[in-house]
Each structure stands twice: as C-alpha cells, then as structure tokens.
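K.L.:
So here's data15.txt, just compact mmCIF, C-alpha atoms and all ligand atoms:
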# COMPACT_ATOMS: atom_id res chain seq x y z
CA MET Q 1 0.00 0.00 0.00
CA GLN Q 2 1.28 3.40 -1.00
CA MET Q 3 1.58 5.85 1.90
CA ARG Q 4 0.96 9.56 1.34
CA ALA Q 5 1.49 12.78 3.24
CA LEU Q 6 -1.57 14.32 4.86
CA GLY Q 7 -0.67 17.98 4.51
CA SER Q 8 1.82 18.80 7.25
CA ALA Q 9 0.61 16.05 9.63
CA PRO Q 10 3.48 14.25 11.36
CA PHE Q 11 2.24 10.89 10.04
CA PRO Q 12 1.50 9.51 6.56
CA VAL Q 13 -1.81 7.89 5.61
CA SER Q 14 -2.54 4.90 3.39
CA ALA Q 15 -3.58 5.96 -0.15
CA VAL Q 16 -6.76 3.98 0.37
CA GLY Q 17 -8.30 4.49 3.80
CA LEU Q 18 -11.52 3.25 5.29
CA GLY Q 19 -14.57 5.40 5.91
CA CYS Q 20 -16.37 4.05 8.96
CA ASN Q 21 -19.84 5.59 8.68
CA ASN Q 22 -21.45 2.19 8.16
CA PHE Q 23 -19.96 0.71 11.33
CA GLY Q 24 -22.89 0.33 13.70
CA ARG Q 25 -25.34 1.35 10.97
CA ARG Q 26 -28.53 -0.68 11.00
CA GLY Q 27 -29.15 -2.76 7.90
CA THR Q 28 -25.46 -3.28 7.05
CA THR Q 29 -23.30 -6.36 7.62
CA SER Q 30 -21.00 -4.04 9.58
CA PHE Q 31 -23.79 -3.14 12.04
CA ASP Q 32 -22.59 -5.53 14.73
CA GLN Q 33 -19.13 -5.83 16.24
CA GLY Q 34 -18.32 -9.05 14.36
CA GLY Q 35 -19.09 -7.45 11.01
CA THR Q 36 -17.05 -4.34 11.84
CA THR Q 37 -14.06 -6.31 13.10
CA ALA Q 38 -14.07 -8.48 9.97
CA VAL Q 39 -13.81 -5.35 7.79
CA VAL Q 40 -11.07 -3.85 9.98
CA ASP Q 41 -9.10 -7.12 9.96
CA ALA Q 42 -9.28 -7.26 6.16
CA ALA Q 43 -8.25 -3.61 5.93
CA LEU Q 44 -5.16 -4.13 8.07
CA ASP Q 45 -4.23 -7.30 6.15
CA ALA Q 46 -4.42 -5.27 2.93
CA GLY Q 47 -2.26 -2.42 4.27
CA VAL Q 48 -5.11 0.02 4.91
CA THR Q 49 -4.19 1.84 8.10
CA PHE Q 50 -6.19 5.09 7.94
CA PHE Q 51 -9.66 4.97 9.51
CA ASP Q 52 -12.10 7.87 9.32
CA THR Q 53 -15.06 7.97 11.68
CA ALA Q 54 -17.11 10.58 13.56
CA ASP Q 55 -18.93 10.86 16.87
CA ILE Q 56 -22.29 10.92 15.07
CA TYR Q 57 -21.82 7.83 12.87
CA GLY Q 58 -23.82 4.71 13.60
CA ALA Q 59 -27.35 3.92 14.68
CA GLU Q 60 -26.85 5.92 17.87
CA TYR Q 61 -24.45 8.72 18.81
CA GLY Q 62 -20.93 7.28 19.25
CA LEU Q 63 -21.64 3.77 18.03
CA SER Q 64 -19.24 3.77 15.05
CA GLU Q 65 -16.43 4.99 17.32
CA THR Q 66 -17.23 2.26 19.85
CA ARG Q 67 -17.18 -0.40 17.13
CA LEU Q 68 -13.91 0.92 15.66
CA GLY Q 69 -12.30 1.20 19.10
CA GLU Q 70 -13.14 -2.40 19.88
CA ALA Q 71 -11.90 -3.59 16.47
CA ILE Q 72 -8.48 -1.96 16.87
CA ARG Q 73 -8.01 -2.91 20.51
CA GLY Q 74 -4.48 -4.26 21.03
CA ARG Q 75 -3.21 -2.85 17.74
CA ARG Q 76 -3.70 0.89 18.22
CA ASP Q 77 -0.11 1.64 17.18
CA ARG Q 78 -0.69 0.13 13.73
CA VAL Q 79 -3.46 2.53 12.78
CA ILE Q 80 -4.14 6.20 12.20
CA VAL Q 81 -7.48 7.17 13.71
CA ALA Q 82 -9.43 10.15 12.44
CA THR Q 83 -12.70 11.24 13.99
CA LYS Q 84 -14.92 14.32 13.98
CA PHE Q 85 -16.92 16.54 16.29
CA GLY Q 86 -19.57 19.20 15.95
CA HIS Q 87 -21.76 18.31 12.98
CA ALA Q 88 -24.28 21.13 12.76
CA GLN Q 89 -27.34 19.09 11.75
CA ALA Q 90 -26.83 15.79 13.55
CA PRO Q 91 -28.23 15.04 17.01
CA SER Q 92 -25.65 15.44 19.76
CA PRO Q 93 -26.05 15.05 23.51
CA LEU Q 94 -23.43 17.73 24.18
CA PRO Q 95 -24.25 21.31 25.22
CA GLY Q 96 -23.33 24.58 23.56
CA ALA Q 97 -22.34 25.83 20.14
CA ARG Q 98 -20.61 23.04 18.26
CA GLY Q 99 -17.35 24.83 17.57
CA SER Q 100 -17.09 26.27 21.08
CA ARG Q 101 -14.38 25.40 23.57
CA ALA Q 102 -16.88 23.83 26.02
CA TYR Q 103 -18.37 21.63 23.32
CA ILE Q 104 -14.99 20.49 21.99
CA ARG Q 105 -13.65 19.67 25.47
CA ALA Q 106 -16.69 17.47 26.15
CA ALA Q 107 -16.69 15.91 22.67
CA VAL Q 108 -13.05 14.86 22.73
CA GLU Q 109 -13.36 13.06 26.05
CA GLY Q 110 -16.29 11.02 24.73
CA SER Q 111 -14.47 10.14 21.51
CA LEU Q 112 -11.29 9.11 23.34
CA GLU Q 113 -13.26 6.85 25.63
CA ARG Q 114 -15.31 5.22 22.89
CA LEU Q 115 -12.24 4.71 20.71
CA GLY Q 116 -10.38 3.21 23.70
CA THR Q 117 -7.35 5.38 23.08
CA ASP Q 118 -5.35 8.17 24.70
CA ARG Q 119 -4.95 10.14 21.47
CA ILE Q 120 -6.82 10.94 18.27
CA ASP Q 121 -4.47 11.24 15.29
CA LEU Q 122 -6.71 13.54 13.25
CA TYR Q 123 -9.50 15.48 14.97
CA GLN Q 124 -11.79 17.15 12.46
CA GLN Q 125 -14.43 19.83 12.80
CA HIS Q 126 -17.31 18.12 10.97
CA THR Q 127 -19.05 21.25 9.70
CA PRO Q 128 -18.26 24.94 10.16
CA ASP Q 129 -19.98 26.65 13.10
CA PRO Q 130 -21.03 30.17 12.07
CA SER Q 131 -21.88 31.07 15.68
CA THR Q 132 -18.37 30.50 17.04
CA PRO Q 133 -15.35 32.52 15.90
CA ILE Q 134 -12.79 30.23 14.29
CA GLU Q 135 -10.24 31.71 16.72
CA GLU Q 136 -12.06 30.07 19.65
CA THR Q 137 -12.25 26.72 17.86
CA LEU Q 138 -8.56 26.85 16.95
CA GLY Q 139 -7.64 27.82 20.53
CA ALA Q 140 -9.52 24.83 21.94
CA LEU Q 141 -7.98 22.45 19.40
CA ASP Q 142 -4.54 23.88 20.12
CA GLU Q 143 -5.00 23.01 23.80
CA LEU Q 144 -5.83 19.42 22.86
CA VAL Q 145 -2.68 19.15 20.77
CA GLN Q 146 -0.57 20.64 23.59
CA GLU Q 147 -2.09 18.09 25.98
CA GLY Q 148 -1.32 15.21 23.62
CA LYS Q 149 -4.98 14.22 23.24
CA VAL Q 150 -4.91 15.09 19.56
CA VAL Q 151 -2.00 14.84 17.12
CA ALA Q 152 -3.28 16.90 14.18
CA ILE Q 153 -6.48 18.75 13.27
CA GLY Q 154 -8.60 18.92 10.15
CA HIS Q 155 -11.86 20.42 8.95
CA SER Q 156 -14.74 19.21 6.85
CA ASN Q 157 -17.35 20.93 4.69
CA PHE Q 158 -15.51 24.28 4.87
CA ASP Q 159 -15.83 26.51 1.82
CA ALA Q 160 -12.84 28.24 0.21
CA ALA Q 161 -13.24 31.46 2.23
CA GLN Q 162 -13.51 29.53 5.50
CA ILE Q 163 -10.39 27.51 4.62
CA ALA Q 164 -8.41 30.68 3.94
CA ALA Q 165 -9.76 32.42 7.06
CA ALA Q 166 -8.85 29.47 9.29
CA GLU Q 167 -5.34 29.34 7.86
CA GLN Q 168 -4.87 33.07 8.43
CA ALA Q 169 -6.28 32.91 11.97
CA ALA Q 170 -3.93 30.09 12.95
CA SER Q 171 -0.95 32.10 11.66
CA LEU Q 172 -2.03 35.26 13.51
CA LEU Q 173 -2.79 33.43 16.77
CA GLY Q 174 0.23 31.13 16.57
CA THR Q 175 -1.95 28.07 17.14
CA VAL Q 176 -1.83 24.68 15.51
CA HIS Q 177 -2.92 24.79 11.83
CA PHE Q 178 -5.46 22.55 10.15
CA VAL Q 179 -3.67 19.89 8.08
CA SER Q 180 -6.59 18.46 6.11
CA ALA Q 181 -9.85 19.30 4.37
CA GLN Q 182 -12.63 16.75 3.93
CA ASN Q 183 -15.37 17.52 1.41
CA GLU Q 184 -17.68 15.63 -0.90
CA TYR Q 185 -15.86 14.70 -4.09
CA ASN Q 186 -16.49 12.05 -6.69
CA LEU Q 187 -16.94 11.82 -10.45
CA LEU Q 188 -20.51 13.12 -10.20
CA SER Q 189 -19.87 15.68 -7.48
CA ARG Q 190 -16.97 17.94 -8.33
CA GLY Q 191 -18.27 21.24 -7.02
CA VAL Q 192 -15.18 21.65 -4.85
CA ALA Q 193 -12.85 21.63 -7.87
CA ALA Q 194 -13.37 25.32 -8.66
CA GLU Q 195 -12.58 26.95 -5.31
CA VAL Q 196 -12.30 24.55 -2.37
CA LEU Q 197 -9.57 22.32 -3.79
CA PRO Q 198 -7.40 25.28 -4.89
CA ALA Q 199 -7.86 26.87 -1.43
CA ALA Q 200 -6.95 23.59 0.27
CA ASN Q 201 -3.90 23.17 -1.96
CA ALA Q 202 -2.85 26.79 -1.33
CA ALA Q 203 -3.03 26.17 2.44
CA GLY Q 204 -0.97 22.99 2.04
CA LEU Q 205 -3.81 20.77 3.27
CA GLY Q 206 -4.21 17.10 2.50
CA PHE Q 207 -7.57 16.54 0.80
CA LEU Q 208 -9.89 13.71 1.89
CA PRO Q 209 -12.80 13.10 -0.52
CA TYR Q 210 -16.01 11.88 1.05
CA PHE Q 211 -18.55 9.77 -0.86
CA PRO Q 212 -15.58 9.00 -3.19
CA LEU Q 213 -17.51 6.14 -4.82
CA ALA Q 214 -20.80 8.09 -4.88
CA ASN Q 215 -22.32 5.76 -2.27
CA GLY Q 216 -21.04 2.75 -4.20
CA LEU Q 217 -22.35 3.76 -7.65
CA PHE Q 218 -18.80 3.65 -9.09
CA THR Q 219 -17.95 0.16 -7.84
CA GLY Q 220 -19.21 -1.39 -11.09
CA LYS Q 221 -21.98 -3.40 -9.41
CA PHE Q 222 -24.80 -1.18 -10.66
CA SER Q 223 -26.29 -0.81 -14.11
CA ARG Q 224 -29.47 0.69 -15.54
CA THR Q 225 -31.29 -2.47 -14.48
CA GLU Q 226 -29.18 -4.02 -11.70
CA ARG Q 227 -29.13 -2.88 -8.08
CA PRO Q 228 -27.82 -5.45 -5.58
CA ALA Q 229 -30.56 -5.76 -2.97
CA ASP Q 230 -28.17 -5.56 -0.01
CA SER Q 231 -26.51 -2.30 -1.17
CA ARG Q 232 -27.03 1.05 0.51
CA ILE Q 233 -28.21 2.47 -2.80
CA ALA Q 234 -30.93 -0.16 -3.15
CA MET Q 235 -31.93 0.08 0.50
CA ILE Q 236 -31.83 3.77 1.39
CA ARG Q 237 -30.46 5.87 -1.48
CA PRO Q 238 -32.36 4.74 -4.60
CA GLN Q 239 -32.18 8.26 -6.00
CA VAL Q 240 -28.41 7.83 -6.56
CA ALA Q 241 -29.15 5.13 -9.16
CA ASP Q 242 -32.42 6.72 -10.35
CA GLU Q 243 -30.64 9.96 -11.17
CA ALA Q 244 -27.31 8.54 -12.42
CA PRO Q 245 -26.28 9.64 -15.93
CA TRP Q 246 -26.51 6.14 -17.39
CA ASP Q 247 -25.29 7.07 -20.88
CA ALA Q 248 -22.07 8.42 -19.32
CA MET Q 249 -21.87 5.42 -16.97
CA ASP Q 250 -22.11 3.04 -19.95
CA ALA Q 251 -19.41 5.00 -21.80
CA TYR Q 252 -17.25 4.82 -18.67
CA ALA Q 253 -17.77 1.03 -18.42
CA ALA Q 254 -16.67 0.69 -22.07
CA PHE Q 255 -13.62 2.94 -21.41
CA CYS Q 256 -12.59 0.70 -18.47
CA ALA Q 257 -13.11 -2.51 -20.44
CA GLU Q 258 -10.90 -1.18 -23.29
CA ARG Q 259 -8.09 -0.63 -20.77
CA GLY Q 260 -8.62 -3.92 -18.95
CA VAL Q 261 -9.40 -2.31 -15.60
CA THR Q 262 -12.49 -2.47 -13.44
CA MET Q 263 -14.61 0.62 -12.88
CA LEU Q 264 -13.56 0.53 -9.22
CA GLN Q 265 -9.86 0.55 -10.17
CA ALA Q 266 -10.34 3.35 -12.69
CA THR Q 267 -12.31 5.44 -10.19
CA ILE Q 268 -9.80 5.05 -7.36
CA GLY Q 269 -6.94 5.68 -9.84
CA TRP Q 270 -8.68 8.84 -11.04
CA LEU Q 271 -9.18 10.07 -7.46
CA LEU Q 272 -5.56 9.39 -6.51
CA ALA Q 273 -4.43 11.44 -9.51
CA GLN Q 274 -6.12 14.62 -8.21
CA PRO Q 275 -3.70 17.24 -6.82
CA GLY Q 276 -3.37 17.26 -3.05
CA LEU Q 277 -5.54 14.17 -2.59
CA ALA Q 278 -4.21 12.27 0.42
CA SER Q 279 -6.39 9.19 0.90
CA VAL Q 280 -9.51 7.71 -0.68
CA ILE Q 281 -11.63 7.08 2.41
CA ALA Q 282 -14.25 4.86 0.79
CA GLY Q 283 -16.57 2.98 3.11
CA ALA Q 284 -16.83 -0.82 3.02
CA THR Q 285 -19.51 -3.02 4.53
CA LYS Q 286 -17.76 -6.33 3.79
CA PRO Q 287 -14.16 -7.61 3.93
CA GLU Q 288 -14.05 -8.33 0.19
CA GLN Q 289 -14.94 -4.70 -0.54
CA ILE Q 290 -12.02 -3.24 1.39
CA ARG Q 291 -9.71 -5.84 -0.17
CA ALA Q 292 -10.82 -4.75 -3.66
CA ASN Q 293 -10.50 -1.06 -2.75
CA ALA Q 294 -6.99 -1.60 -1.36
CA GLU Q 295 -5.92 -3.49 -4.48
CA ALA Q 296 -7.25 -0.69 -6.64
CA ALA Q 297 -4.74 1.72 -5.09
CA SER Q 298 -1.95 0.17 -7.13
CA ALA Q 299 -3.88 -1.58 -9.93
CA TRP Q 300 -3.83 1.28 -12.43
CA SER Q 301 -2.16 4.69 -12.52
CA PRO Q 302 -4.01 6.57 -15.23
CA ALA Q 303 -1.93 8.68 -17.63
CA PRO Q 304 -2.86 12.40 -17.73
CA ASP Q 305 -4.86 11.78 -20.94
CA ASP Q 306 -6.86 9.05 -19.17
CA VAL Q 307 -7.54 11.31 -16.19
CA ARG Q 308 -8.84 14.01 -18.56
CA ALA Q 309 -10.89 11.52 -20.56
CA ILE Q 310 -12.58 10.19 -17.40
CA SER Q 311 -13.29 13.73 -16.16
CA ASP Q 312 -14.74 14.64 -19.57
CA LEU Q 313 -17.23 11.77 -19.39
CA PHE Q 314 -18.82 13.44 -16.37
CA PRO Q 315 -18.89 17.19 -17.02
CA VAL Q 316 -19.13 19.40 -13.94
CA VAL Q 317 -22.63 20.84 -13.66
CA ALA Q 318 -22.43 24.48 -12.58
N1 LIG Q 401 -17.30 14.81 6.37
C1 LIG Q 401 -18.53 14.52 6.02
O1 LIG Q 401 -19.45 15.35 6.13
C2 LIG Q 401 -18.81 13.14 5.47
C3 LIG Q 401 -20.04 12.83 4.86
C4 LIG Q 401 -20.21 11.55 4.36
C5 LIG Q 401 -19.19 10.61 4.46
N2 LIG Q 401 -18.01 10.94 5.07
C6 LIG Q 401 -16.87 9.99 5.17
O2 LIG Q 401 -16.58 9.46 3.91
C7 LIG Q 401 -16.56 8.04 3.98
C8 LIG Q 401 -16.92 7.45 2.65
O3 LIG Q 401 -18.25 7.75 2.30
P1 LIG Q 401 -19.34 6.62 2.20
O4 LIG Q 401 -18.81 5.37 2.82
O5 LIG Q 401 -20.60 7.17 2.74
O6 LIG Q 401 -19.56 6.47 0.62
P2 LIG Q 401 -18.66 5.82 -0.54
O7 LIG Q 401 -17.28 5.61 -0.06
O8 LIG Q 401 -18.88 6.64 -1.75
O9 LIG Q 401 -19.40 4.41 -0.76
C9 LIG Q 401 -19.12 3.37 0.12
C10 LIG Q 401 -20.11 2.22 -0.10
O10 LIG Q 401 -19.93 1.64 -1.39
C11 LIG Q 401 -20.04 0.22 -1.29
N3 LIG Q 401 -18.72 -0.32 -1.66
C12 LIG Q 401 -17.50 0.15 -1.27
N4 LIG Q 401 -16.49 -0.57 -1.81
C13 LIG Q 401 -17.08 -1.51 -2.59
C14 LIG Q 401 -16.57 -2.54 -3.41
N5 LIG Q 401 -15.25 -2.74 -3.57
N6 LIG Q 401 -17.45 -3.33 -4.07
C15 LIG Q 401 -18.78 -3.15 -3.95
N7 LIG Q 401 -19.33 -2.18 -3.17
C16 LIG Q 401 -18.49 -1.36 -2.48
C17 LIG Q 401 -20.42 -0.09 0.16
O11 LIG Q 401 -21.83 -0.01 0.33
P3 LIG Q 401 -22.87 -1.20 0.08
O12 LIG Q 401 -22.21 -2.49 0.50
O13 LIG Q 401 -24.04 -0.81 0.92
O14 LIG Q 401 -23.18 -1.16 -1.40
C18 LIG Q 401 -19.82 1.11 0.89
O15 LIG Q 401 -20.42 1.35 2.14
C19 LIG Q 401 -17.54 7.73 5.12
O16 LIG Q 401 -17.43 6.44 5.63
C20 LIG Q 401 -17.15 8.80 6.10
O17 LIG Q 401 -15.98 8.42 6.79
C21 LIG Q 401 -17.82 12.18 5.55
I need this file expressed as structure tokens, please.

P.N.:
Amino acid sequence: MQMRALGSAPFPVSAVGLGCNNFGRRGTTSFDQGGTTAVVDAALDAGVTFFDTADIYGAEYGLSETRLGEAIRGRRDRVIVATKFGHAQAPSPLPGARGSRAYIRAAVEGSLERLGTDRIDLYQQHTPDPSTPIEETLGALDELVQEGKVVAIGHSNFDAAQIAAAEQAASLLGTVHFVSAQNEYNLLSRGVAAEVLPAANAAGLGFLPYFPLANGLFTGKFSRTERPADSRIAMIRPQVADEAPWDAMDAYAAFCAERGVTMLQATIGWLLAQPGLASVIAGATKPEQIRANAEAASAWSPAPDDVRAISDLFPVVA
C-alpha cells in the first residue's frame, strides 16, 4: 500500500483508507461488532491503516467509534485514527455551540473513551460553526494538541473562504494549523474543484474526498437495471441510481473494459491522480470490498490523458 502525506501532519496515511460511517449502521453487515471487526481485519491485512469515523456515525451517537475502538483494541499503534466533532445538523447530547471550547472539550473526552485510546491522530471539525469565531475553535484544538490528546487537526465541509480564514487565523494566533480538508468529491460531485480544492492546496492541506464512490455507484456493481438488494443504494439511497447519468456510466464502463481495468480501479486511480488528494476514504460493509479497494490503489495509474478523458465523461454541472 502506498503511503501519502496528509498535509503537514506528522504521520502519513494509506492511499486507500476506510470510511467508517457504516460501522454500527442498522441494515449493514457491519452493524454488529463481528461485522465491523471483519472489515477492519481485512483492511489491516491489505495495508489500509487510515480509519475515518465521527462521533455521530452509527445507529446511535458514538456507536461507530465504539465499534472501531473495539476492532483496533491491542493494535492501536498500527493505525491512524481520524474522527470528527460538531456536525451542525446531527443530534448530539453535548451542550453549547458546536465549535465552542466547552463543546470540543466534552466531545473529545467522549471520543477518546469510545475509541479506547489516549490520542486521536486527526480530529476534524465536521461542519463549520457560524456562531463561534474560528479563533475560539482553533484555541480549543490547540490546547488538545498541547495536551497530547490530539496529534493533528482537520476540517470538513468548509468553503474556500472559510479555509483561507482558518489558515490566516492560525498564523495570527500562533496556534496549531489545520492539516486536512474533507469535502464531498467524486466523479458526479466535483463542485469543490473550482474553489475549495485550490484553497486547500494553497493552504498545504491534505484533501480527503467523502462519498468518493458516490455511495457505491462507481464500484461497477450497478447498471441501468441491476441494483444489488443488499446495497445502501438499493436500500436507502435509490435516488443515486435513479438519477445517475446512465449514458455516461455506460461509456465509462466501455472505457474501463478497453483498458482492462475495473470501474472501481479506474475510479480510485482517477481520485488518486487529483492534486493534493491524500487518501480515498471509501466505506466498506464487507471484507471483500475493502480488499478490492486496497488493491485498486496500485492496480492502475491513469496517464494524464486518461484522467482528462474520465473527467470529460462526467462534465461538472455548474
Ligand atoms: N465529512 C462529512 O461530512 C462526510 C459525509 C459523508 C461521508 N463521510 C466519510 O466518507 C466516507 C466514505 O463515504 P461513504 O462510505 O458514505 O460512501 P462511498 O465511499 O462513496 O461508498 C461506500 C459504499 O460503497 C459500497 N462499496 C465500497 N467498496 C465496494 C466494493 N469494492 N465493491 C462493492 N461495493 C463497495 C459499500 O456499500 P454497500 O455495500 O451498501 O453497497 C460502501 O459502504 C464515510 O465512511 C465517512 O468516513 C464524511
């Protein structure tokens, strides 16, 4: 497995990571501990060492972290653990504004306990909090780094102006800087390409694309007529397949077949070719999925012409 820098973080991350939002999610094979541990075991066997979760993932607050913590028990030093706090829309038992010092101090203690660890490698603000000055958030996160509870910090769902403002505030205050940006990015969702990615690159951040496989649409298991019954798309996100641009998807399938690669390999290769991209944090509900995703990291390195051709199949909608 190729390892990549995550901005200026003092640790590298595996080029393919593992998104953990289906750990503890009802209706998935990774709902229970056995299913989660099987996926984590397969990930580690395949060289995937970067795990991205959040306090709000799972059927109840904290459940994904609890599942992940149990799965990595006894092998904490082999993994890089990323989690998140302060999602604006998700239920949270914690008091106060979600970027405030009080909230962060409470949130981190819960995450550390559920993860069964004394440190979080990457602690990310899940969504911006317009009611709290970024200076306060940075100050609280800086304390956590000084105390050794957090190694590096990242943000998620920030726009370009918020990324630049946070970078400037950290410089002025002399606090720890964010090292990563996590935003939605896949072949069908490239809104960040115009402003967010350039801002993240300018700030030297490692970029982490979420929904990198568009909820599984780009794994090659879907067609105009086929939707595996046990997939998230079939069960809870039918609109992803209903609204997919099937003419472009068919052209993409033909493009992959001509080159002798699977759609999954082409998609992960395309993502890894994007500037500043640190790790493809695709989710996986089964061991064979994470094995295939890990293999895809080195299966095909698209030439610049291939990267352009794939992008051109799915024009960015303004
Ligand atoms: N920061 C944020 O606001 C935010 C928001 C969303 C997600 N995220 C992060 O991004 C991560 C990735 O997003 P995601 O997991 O929601 O979507 P995704 O990576 O686009 O899709 C993952 C889903 O695709 C299917 N899949 C994956 N690999 C496969 C393979 N090799 N073969 C067949 N099917 C495969 C699995 O679902 P099925 O088995 O059900 O088909 C899997 O759960 C999350 O886990 C989370 O860590 C962050």

K.L.:
Would you please work out which residue, of Q:Ser171, Q:Thr37, Q:Thr28, Q:Thr83, is nearest to Q:Ala234 when using only C-alpha atoms?

P.N.:
Q:Thr28

K.L.:
Please check which protein, DNA or RNA residues sit within 6 Å of ligand LIG 401 (chain Q), counting all atoms listed in the file, and write them as a list in words.

P.N.:
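The residues near ligand LIG 401 (chain Q) are Gly19, Cys20, Asn21, Asp52, Thr53, His126, Ser156, Gln182, Asn183, Tyr210, Phe211, Pro212, Leu213, Ala214, Asn215, Gly216, Thr219, Ser231, Arg232, Ile281, Ala282, Gly283, Ala284, Thr285, Gln289, Ile290, Ala292 and Asn293 of chain Q.
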
K.L.:
Taking (-13.6, 8.1, -21.9) in the file's coordinates, which residues come within 6 Å, counting all atoms listed in the file, written as a VMD selection string?

P.N.:
chain Q and resid 252 255 309 to 310 313

K.L.:
Compare Q:Val150, Q:Val196, Q:Leu115, Q:Leu138 by their minimum atom-to-atom distance to Q:Gln162, counting only C-alpha atoms, and give me the closest one.

P.N.:
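Checking each of Q:Val150, Q:Val196, Q:Leu115, Q:Leu138 against Q:Gln162, counting only C-alpha atoms, the winner is Q:Val196.
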
K.L.:
Using 5 Å of padding on each side, determine the axis-aligned box around all atoms of stretch 134-150 of chain Q present in the file and give its centre and edge lengths in Å to one decimal, as lines of an AutoDock Vina configuration file.

P.N.:
center_x = -6.7
center_y = 23.0
center_z = 20.1
size_x = 22.2
size_y = 27.5
size_z = 21.7

K.L.:
Counting all atoms listed in the file, write as a list in words all protein and nucleic acid residues lying at most 12 Å from (-5.7, 11.8, -16.9) in the file's frame.

P.N.:
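Output of the proximity query reads Ala266, Thr267, Gly269, Trp270, Leu271, Leu272, Ala273, Gln274, Pro275, Trp300, Ser301, Pro302, Ala303, Pro304, Asp305, Asp306, Val307, Arg308, Ala309, Ile310, Ser311, Asp312 and Leu313 of chain Q.
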
K.L.:
Work out how far atom CA of Q:Ile104 is from atom CA of Q:Ile80, in Å to one decimal.

P.N.:
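Going from atom CA of Q:Ile80 over to atom CA of Q:Ile104, I get 20.4 Å.
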
K.L.:
So, with all atoms listed in the file as the atoms that count, which of Q:Leu144, Q:Leu208, Q:Val192, Q:Ile134 lies closest to Q:Leu173?

P.N.:
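Smallest distance to Q:Leu173 is found for Q:Ile134.
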
K.L.:
So what do you get for atom CA of Q:Arg26 versus atom CA of Q:Ala181, distance-wise?

P.N.:
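Between atom CA of Q:Arg26 and atom CA of Q:Ala181 the gap works out to 28.1 Å.
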
K.L.:
Might you pull out every residue within 8 Å of stretch 6-11 of chain Q, with all atoms listed in the file counted and same-chain residues fewer than 3 positions away left off, and present them as a compact mmCIF listing (two decimals) with C-alpha atoms, in the frame of the given file?

P.N.:
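Saved to selection-v6.txt:
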# COMPACT_ATOMS: atom_id res chain seq x y z
CA VAL Q 151 -2.00 14.84 17.12
CA ALA Q 152 -3.28 16.90 14.18
CA VAL Q 179 -3.67 19.89 8.08
CA SER Q 180 -6.59 18.46 6.11
CA GLY Q 204 -0.97 22.99 2.04
CA LEU Q 205 -3.81 20.77 3.27
CA GLY Q 206 -4.21 17.10 2.50
CA PHE Q 207 -7.57 16.54 0.80
CA ALA Q 278 -4.21 12.27 0.42

K.L.:
Show which residues sit within 8 Å of Q:Phe23, as a list in words. Count only C-alpha atoms, and ignore same-chain residues fewer than 3 positions away.

P.N.:
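Result of the neighbour search: Cys20, Ser30, Phe31, Asp32, Thr36, Tyr57, Gly58, Leu63, Ser64, Arg67, Leu68 and Thr285 of chain Q.
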
K.L.:
Tell me, in Å to one decimal, how far atom CA of Q:Val145 is from atom CA of Q:Val176.

P.N.:
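Computed distance, atom CA of Q:Val145 to atom CA of Q:Val176, equals 7.7 Å.
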
K.L.:
Can you work out which one of Q:Arg4, Q:Arg114, Q:Arg227, Q:Arg190 has the shortest atom-to-atom distance to Q:Ala71, counting only C-alpha atoms?

P.N.:
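Ranked by minimum distance to Q:Ala71, first place goes to Q:Arg114.
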
K.L.:
Of the candidates Q:Pro209, Q:Pro245, Q:Gly139, Q:Pro287, which one gets nearest to Q:Ile153 if we count only C-alpha atoms?

P.N.:
Q:Gly139

K.L.:
Would you mind listing what lies within 9 Å of Q:Ile163 as a list in words, with all atoms listed in the file counted and same-chain residues fewer than 3 positions away left out?

P.N.:
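What passes the distance filter is His155, Phe158, Asp159, Ala160, Ala166, Glu167, Gln168, Phe178, Ala181, Val196, Ala199, Ala200 and Ala203 of chain Q.
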
K.L.:
List as an MDAnalysis selection string the protein and nucleic acid residues near Q:Ile72, meaning an atom at most 10 Å away when all atoms listed in the file are counted, but skip any in the same chain fewer than 4 places from it.

P.N.:
chainID Q and resid 37 40:41 44 67:68 76:79 81 115:117
